[in-house]
file input_5.pdb (PDB, C-alpha atoms, pLDDT in the B column)
MODEL        1
ATOM      1  CA  MET A 194     -40.502   6.679  -2.867  1.00 81.00           C
ATOM      2  CA  LEU A 195     -42.560   3.623  -3.737  1.00 85.00           C
ATOM      3  CA  ASP A 196     -43.691   5.057  -7.067  1.00 88.00           C
ATOM      4  CA  LYS A 197     -40.044   5.480  -8.074  1.00 89.00           C
ATOM      5  CA  VAL A 198     -39.266   1.906  -7.019  1.00 87.00           C
ATOM      6  CA  PHE A 199     -42.241   0.527  -8.939  1.00 91.00           C
ATOM      7  CA  ILE A 200     -40.930   2.152 -12.140  1.00 91.00           C
ATOM      8  CA  LEU A 201     -37.504   0.541 -11.672  1.00 91.00           C
ATOM      9  CA  LEU A 202     -38.800  -2.984 -11.127  1.00 91.00           C
ATOM     10  CA  ASN A 203     -38.378  -5.448 -13.965  1.00 90.00           C
ATOM     11  CA  GLU A 204     -40.735  -8.295 -14.814  1.00 89.00           C
ATOM     12  CA  GLY A 205     -40.136 -11.106 -12.363  1.00 89.00           C
ATOM     13  CA  ASP A 206     -38.411  -8.970  -9.699  1.00 89.00           C
ATOM     14  CA  THR A 207     -39.522  -9.905  -6.197  1.00 87.00           C
ATOM     15  CA  PRO A 208     -37.656  -7.609  -3.781  1.00 89.00           C
ATOM     16  CA  ILE A 209     -38.014  -7.520  -0.002  1.00 88.00           C
ATOM     17  CA  LEU A 210     -38.650  -4.184   1.708  1.00 85.00           C
ATOM     18  CA  HIS A 211     -37.576  -4.112   5.356  1.00 81.00           C
ATOM     19  CA  SER A 212     -38.811  -1.419   7.736  1.00 80.00           C
ATOM     20  CA  ASP A 213     -39.700  -0.775  11.324  1.00 75.00           C
ATOM     21  CA  GLN A 214     -43.325  -0.899  12.475  1.00 78.00           C
ATOM     22  CA  GLY A 215     -44.077   2.759  11.792  1.00 79.00           C
ATOM     23  CA  TRP A 216     -47.768   3.536  11.309  1.00 82.00           C
ATOM     24  CA  HIS A 217     -47.320   4.334   7.608  1.00 83.00           C
ATOM     25  CA  TYR A 218     -45.838   0.876   6.942  1.00 83.00           C
ATOM     26  CA  GLN A 219     -48.874  -0.738   8.572  1.00 87.00           C
ATOM     27  CA  MET A 220     -51.445   1.097   6.438  1.00 91.00           C
ATOM     28  CA  LYS A 221     -53.535  -1.255   4.275  1.00 94.00           C
ATOM     29  CA  GLN A 222     -53.079   1.016   1.244  1.00 94.00           C
ATOM     30  CA  TYR A 223     -49.279   0.819   1.585  1.00 92.00           C
ATOM     31  CA  GLN A 224     -49.317  -2.948   2.082  1.00 93.00           C
ATOM     32  CA  HIS A 225     -51.652  -3.410  -0.904  1.00 94.00           C
ATOM     33  CA  ALA A 226     -49.310  -1.366  -3.146  1.00 93.00           C
ATOM     34  CA  LEU A 227     -46.375  -3.586  -2.138  1.00 93.00           C
ATOM     35  CA  LYS A 228     -48.336  -6.774  -2.753  1.00 93.00           C
ATOM     36  CA  LYS A 229     -49.556  -5.508  -6.139  1.00 93.00           C
ATOM     37  CA  HIS A 230     -45.925  -5.084  -7.251  1.00 92.00           C
ATOM     38  CA  GLN A 231     -44.784  -8.404  -5.713  1.00 92.00           C
ATOM     39  CA  ILE A 232     -42.698  -6.736  -3.010  1.00 92.00           C
ATOM     40  CA  THR A 233     -42.467  -8.789   0.166  1.00 91.00           C
ATOM     41  CA  GLN A 234     -42.873  -6.676   3.264  1.00 89.00           C
ATOM     42  CA  SER A 235     -40.594  -7.388   6.198  1.00 85.00           C
ATOM     43  CA  MET A 236     -40.994  -5.520   9.486  1.00 78.00           C
ATOM     44  CA  SER A 237     -39.002  -5.549  12.682  1.00 72.00           C
ATOM     45  CA  ARG A 238     -40.609  -7.204  15.648  1.00 70.00           C
ATOM     46  CA  LYS A 239     -41.929  -4.723  18.158  1.00 70.00           C
ATOM     47  CA  GLY A 240     -39.121  -3.366  20.329  1.00 63.00           C
ATOM     48  CA  ASN A 241     -36.404  -5.128  18.303  1.00 63.00           C
ATOM     49  CA  CYS A 242     -33.933  -2.637  16.916  1.00 62.00           C
ATOM     50  CA  LEU A 243     -31.144  -5.159  16.319  1.00 65.00           C
ATOM     51  CA  ASP A 244     -32.183  -5.999  12.761  1.00 63.00           C
ATOM     52  CA  ASN A 245     -31.809  -2.323  11.840  1.00 68.00           C
ATOM     53  CA  ALA A 246     -28.578  -1.773  13.797  1.00 75.00           C
ATOM     54  CA  VAL A 247     -26.200  -2.514  10.912  1.00 78.00           C
ATOM     55  CA  ILE A 248     -27.818  -0.101   8.471  1.00 78.00           C
ATOM     56  CA  GLU A 249     -28.343   2.529  11.168  1.00 79.00           C
ATOM     57  CA  ASN A 250     -24.609   2.313  11.927  1.00 85.00           C
ATOM     58  CA  PHE A 251     -23.779   2.689   8.227  1.00 88.00           C
ATOM     59  CA  PHE A 252     -26.019   5.754   7.841  1.00 89.00           C
ATOM     60  CA  GLY A 253     -24.473   7.309  10.958  1.00 91.00           C
ATOM     61  CA  LEU A 254     -21.003   6.866   9.492  1.00 94.00           C
ATOM     62  CA  LEU A 255     -22.147   8.114   6.094  1.00 95.00           C
ATOM     63  CA  LYS A 256     -23.477  11.304   7.648  1.00 95.00           C
ATOM     64  CA  SER A 257     -20.431  11.979   9.813  1.00 96.00           C
ATOM     65  CA  GLU A 258     -17.826  11.018   7.193  1.00 96.00           C
ATOM     66  CA  LEU A 259     -19.468  12.480   4.085  1.00 96.00           C
ATOM     67  CA  LEU A 260     -22.649  14.469   4.469  1.00 94.00           C
ATOM     68  CA  TYR A 261     -21.595  16.809   7.284  1.00 95.00           C
ATOM     69  CA  LEU A 262     -18.070  17.366   5.937  1.00 95.00           C
ATOM     70  CA  GLN A 263     -18.815  18.954   2.587  1.00 94.00           C
ATOM     71  CA  GLU A 264     -21.256  21.067   0.695  1.00 95.00           C
ATOM     72  CA  PHE A 265     -22.673  19.747  -2.543  1.00 96.00           C
ATOM     73  CA  GLU A 266     -23.171  21.866  -5.638  1.00 96.00           C
ATOM     74  CA  SER A 267     -26.077  19.764  -6.901  1.00 96.00           C
ATOM     75  CA  ILE A 268     -27.834  16.454  -6.424  1.00 94.00           C
ATOM     76  CA  GLU A 269     -25.616  15.051  -9.183  1.00 96.00           C
ATOM     77  CA  HIS A 270     -22.521  16.123  -7.238  1.00 97.00           C
ATOM     78  CA  PHE A 271     -23.925  14.486  -4.095  1.00 96.00           C
ATOM     79  CA  ILE A 272     -24.624  11.230  -5.968  1.00 95.00           C
ATOM     80  CA  GLN A 273     -21.067  11.247  -7.346  1.00 97.00           C
ATOM     81  CA  GLU A 274     -19.596  11.712  -3.875  1.00 97.00           C
ATOM     82  CA  LEU A 275     -21.959   9.117  -2.410  1.00 96.00           C
ATOM     83  CA  GLU A 276     -20.850   6.529  -4.977  1.00 96.00           C
ATOM     84  CA  LYS A 277     -17.198   7.294  -4.151  1.00 97.00           C
ATOM     85  CA  TYR A 278     -17.898   6.967  -0.429  1.00 96.00           C
ATOM     86  CA  ILE A 279     -19.638   3.604  -0.833  1.00 96.00           C
ATOM     87  CA  GLU A 280     -16.701   2.336  -2.891  1.00 96.00           C
ATOM     88  CA  TYR A 281     -14.317   3.551  -0.173  1.00 97.00           C
ATOM     89  CA  TYR A 282     -16.456   2.110   2.629  1.00 95.00           C
ATOM     90  CA  TYR A 283     -16.619  -1.400   1.181  1.00 94.00           C
ATOM     91  CA  HIS A 284     -13.141  -1.672  -0.328  1.00 96.00           C
ATOM     92  CA  LYS A 285     -10.768   0.526   1.698  1.00 96.00           C
ATOM     93  CA  ARG A 286     -12.261   1.556   5.054  1.00 95.00           C
ATOM     94  CA  ILE A 287     -10.966  -0.825   7.690  1.00 93.00           C
ATOM     95  CA  LYS A 288     -13.005  -1.828  10.720  1.00 91.00           C
ATOM     96  CA  GLU A 289     -11.601  -3.064  14.010  1.00 92.00           C
ATOM     97  CA  LYS A 290     -14.397  -5.604  14.454  1.00 90.00           C
ATOM     98  CA  LEU A 291     -13.512  -7.045  11.028  1.00 92.00           C
ATOM     99  CA  LYS A 292      -9.952  -7.737  12.238  1.00 92.00           C
ATOM    100  CA  GLY A 293      -8.575  -4.561  10.625  1.00 94.00           C
ATOM    101  CA  LEU A 294      -9.935  -5.440   7.182  1.00 94.00           C
ATOM    102  CA  SER A 295     -12.395  -3.710   4.874  1.00 94.00           C
ATOM    103  CA  PRO A 296     -15.797  -5.422   4.482  1.00 92.00           C
ATOM    104  CA  VAL A 297     -14.821  -6.855   1.075  1.00 94.00           C
ATOM    105  CA  GLU A 298     -11.453  -8.109   2.338  1.00 94.00           C
ATOM    106  CA  TYR A 299     -13.163  -9.706   5.333  1.00 94.00           C
ATOM    107  CA  ARG A 300     -15.739 -11.503   3.157  1.00 91.00           C
ATOM    108  CA  ILE A 301     -13.039 -12.767   0.799  1.00 93.00           C
ATOM    109  CA  GLN A 302     -10.991 -14.038   3.741  1.00 89.00           C
ATOM    110  CA  SER A 303     -14.064 -15.777   5.163  1.00 80.00           C
ATOM    111  CA  LEU A 304     -14.794 -17.455   1.817  1.00 83.00           C
ATOM    112  CA  ILE A 305     -11.210 -18.668   1.451  1.00 87.00           C
ATOM    113  CA  ALA A 306     -11.259 -20.120   4.990  1.00 82.00           C
ATOM    114  CA  ALA A 307     -14.525 -21.976   4.314  1.00 71.00           C
TER     115      ALA A 307
ENDMDL
END
call {"tool": "encode", "arguments": {"input": "input_5.pdb", "output": "structure tokens"}}
result
Amino acid sequence: MLDKVFILLNEGDTPILHSDQGWHYQMKQYQHALKKHQITQSMSRKGNCLDNAVIENFFGLLKSELLYLQEFESIEHFIQELEKYIEYYYHKRIKEKLKGLSPVEYRIQSLIAA
């Protein structure tokens, strides 16, 4: 995964990579590779799952609303459907905790109110 990311980085990019404290993320070789490519490593505190909760929730929904509901003819077909799902999720899928709005609608409303 990292090798693919390294290829995509442009001069001056300084991304942050967030992970849990899995043993592979703590390996010196892994940390050195990140540092060499100016990637800042961010890890959850021990026993703190809250910083991963939002993305874990999203992946759970993605699996139940897309992945488990259809079969894909190819990786290209999967990527196409994934892009459509992400568009739907952010622009059309309403959430009760966002006052019945989609994430984009909620952000826009918040910006207007500020």
call {"tool": "resolve_selection", "arguments": {"input": "input_5.pdb", "expression": "the PyMOL selection byres ((chain A and resi 296) around 9)", "output": "list of chain:residue names"}}
result
A:Tyr282, A:Tyr283, A:His284, A:Lys285, A:Arg286, A:Ile287, A:Lys288, A:Leu291, A:Leu294, A:Ser295, A:Val297, A:Glu298, A:Tyr299, A:Arg300, A:Ile301
call {"tool": "closest_residue", "arguments": {"input": "input_5.pdb", "among": "A:Ile232, A:Ile279, A:Met220, A:Met194", "to": "Asp206 in chain A", "atoms": "only C-alpha atoms"}}
result
A:Ile232
call {"tool": "atom_distance", "arguments": {"input": "input_5.pdb", "atom1": "CA of Pro208 in chain A", "atom2": "CA of Phe251 in chain A"}}
result
21.0 Å
call {"tool": "residues_around", "arguments": {"input": "input_5.pdb", "residues": "His211 in chain A", "least_positions_apart": "6", "cutoff": "8 Å", "atoms": "only C-alpha atoms", "output": "list in words"}}
result
Gln234, Ser235, Met236 and Ser237 of chain A
call {"tool": "atom_distance", "arguments": {"input": "input_5.pdb", "atom1": "CA of Gln214 in chain A", "atom2": "CA of Ser257 in chain A"}}
result
26.4 Å
call {"tool": "atom_distance", "arguments": {"input": "input_5.pdb", "atom1": "CA of Lys221 in chain A", "atom2": "CA of Ile200 in chain A"}}
result
21.0 Å
call {"tool": "axis_aligned_box", "arguments": {"input": "input_5.pdb", "around": "range 261-273 of chain A", "padding_each_side": "5 Å", "output": "JSON"}}
result
{"center_x": -23.0, "center_y": 16.5, "center_z": -0.9, "size_x": 19.8, "size_y": 20.6, "size_z": 26.5}
call {"tool": "closest_residue", "arguments": {"input": "input_5.pdb", "among": "A:Leu275, A:Ser212, A:Gln222, A:Ala246", "to": "Glu258 in chain A", "atoms": "all atoms listed in the file"}}
result
A:Leu275
call {"tool": "residues_around", "arguments": {"input": "input_5.pdb", "residues": "Gly205 in chain A", "least_positions_apart": "2", "cutoff": "10 Å", "atoms": "only C-alpha atoms", "output": "list of chain:residue names"}}
result
A:Leu202, A:Asn203, A:Thr207, A:Pro208, A:His230, A:Gln231
call {"tool": "write_last_selection", "arguments": {"input": "input_5.pdb", "atoms": "C-alpha atoms", "output": "PDB file, in the frame of the given file"}}
result
ATOM      1  CA  LEU A 202     -38.800  -2.984 -11.127  1.00 91.00           C
ATOM      2  CA  ASN A 203     -38.378  -5.448 -13.965  1.00 90.00           C
ATOM      3  CA  THR A 207     -39.522  -9.905  -6.197  1.00 87.00           C
ATOM      4  CA  PRO A 208     -37.656  -7.609  -3.781  1.00 89.00           C
ATOM      5  CA  HIS A 230     -45.925  -5.084  -7.251  1.00 92.00           C
ATOM      6  CA  GLN A 231     -44.784  -8.404  -5.713  1.00 92.00           C
TER       7      GLN A 231
END
call {"tool": "closest_residue", "arguments": {"input": "input_5.pdb", "among": "A:Leu255, A:Ile209, A:Val198, A:Ile305", "to": "Glu280 in chain A", "atoms": "only C-alpha atoms"}}
result
A:Leu255
call {"tool": "closest_residue", "arguments": {"input": "input_5.pdb", "among": "A:His270, A:Tyr278, A:Leu210, A:Gly215", "to": "Arg238 in chain A", "atoms": "only C-alpha atoms"}}
result
A:Gly215
call {"tool": "closest_residue", "arguments": {"input": "input_5.pdb", "among": "A:Glu274, A:Leu195, A:Gln302, A:Glu266", "to": "Gln224 in chain A", "atoms": "only C-alpha atoms"}}
result
A:Leu195
call {"tool": "closest_residue", "arguments": {"input": "input_5.pdb", "among": "A:Lys256, A:Lys239, A:Asn250, A:Glu276", "to": "Asp213 in chain A", "atoms": "all atoms listed in the file"}}
result
A:Lys239
call {"tool": "decode", "arguments": {"input": "input_5.pdb", "residues": "range 283-299 of chain A", "atoms": "N, CA and C atoms", "output": "CSV table (one decimal), in the first residue's frame"}}
result
chain,number,residue,atom,x,y,z
A,283,TYR,N,-22.4,11.3,0.4
A,283,TYR,CA,-22.1,12.7,0.8
A,283,TYR,C,-23.2,13.7,0.4
A,284,HIS,N,-23.9,13.4,-0.7
A,284,HIS,CA,-24.8,14.4,-1.2
A,284,HIS,C,-26.3,14.1,-1.1
A,285,LYS,N,-26.6,12.8,-0.9
A,285,LYS,CA,-28.0,12.5,-0.9
A,285,LYS,C,-28.5,11.7,0.3
A,286,ARG,N,-27.6,10.9,0.9
A,286,ARG,CA,-28.0,10.0,2.0
A,286,ARG,C,-28.2,10.9,3.3
A,287,ILE,N,-29.4,10.9,3.8
A,287,ILE,CA,-29.7,11.7,5.0
A,287,ILE,C,-29.3,10.9,6.2
A,288,LYS,N,-29.0,11.6,7.3
A,288,LYS,CA,-28.6,11.0,8.5
A,288,LYS,C,-29.4,11.7,9.6
A,289,GLU,N,-30.0,10.9,10.5
A,289,GLU,CA,-30.8,11.5,11.6
A,289,GLU,C,-30.0,12.4,12.5
A,290,LYS,N,-28.7,12.0,12.8
A,290,LYS,CA,-27.9,12.8,13.7
A,290,LYS,C,-27.5,14.1,13.0
A,291,LEU,N,-27.7,14.2,11.7
A,291,LEU,CA,-27.4,15.5,11.0
A,291,LEU,C,-28.7,16.2,10.7
A,292,LYS,N,-29.7,16.0,11.6
A,292,LYS,CA,-31.0,16.7,11.5
A,292,LYS,C,-31.7,16.4,10.2
A,293,GLY,N,-31.5,15.2,9.7
A,293,GLY,CA,-32.2,14.8,8.4
A,293,GLY,C,-31.6,15.3,7.2
A,294,LEU,N,-30.4,15.8,7.3
A,294,LEU,CA,-29.7,16.3,6.1
A,294,LEU,C,-28.5,15.3,5.7
A,295,SER,N,-28.1,15.5,4.4
A,295,SER,CA,-26.9,14.8,4.0
A,295,SER,C,-25.7,15.5,4.6
A,296,PRO,N,-24.5,14.8,4.6
A,296,PRO,CA,-23.3,15.5,5.1
A,296,PRO,C,-23.0,16.8,4.5
A,297,VAL,N,-23.1,16.9,3.2
A,297,VAL,CA,-22.8,18.2,2.5
A,297,VAL,C,-23.9,19.2,2.8
A,298,GLU,N,-25.1,18.9,2.9
A,298,GLU,CA,-26.2,19.8,3.2
A,298,GLU,C,-25.9,20.4,4.7
A,299,TYR,N,-25.6,19.5,5.6
A,299,TYR,CA,-25.3,19.8,6.9
A,299,TYR,C,-24.2,20.8,7.1
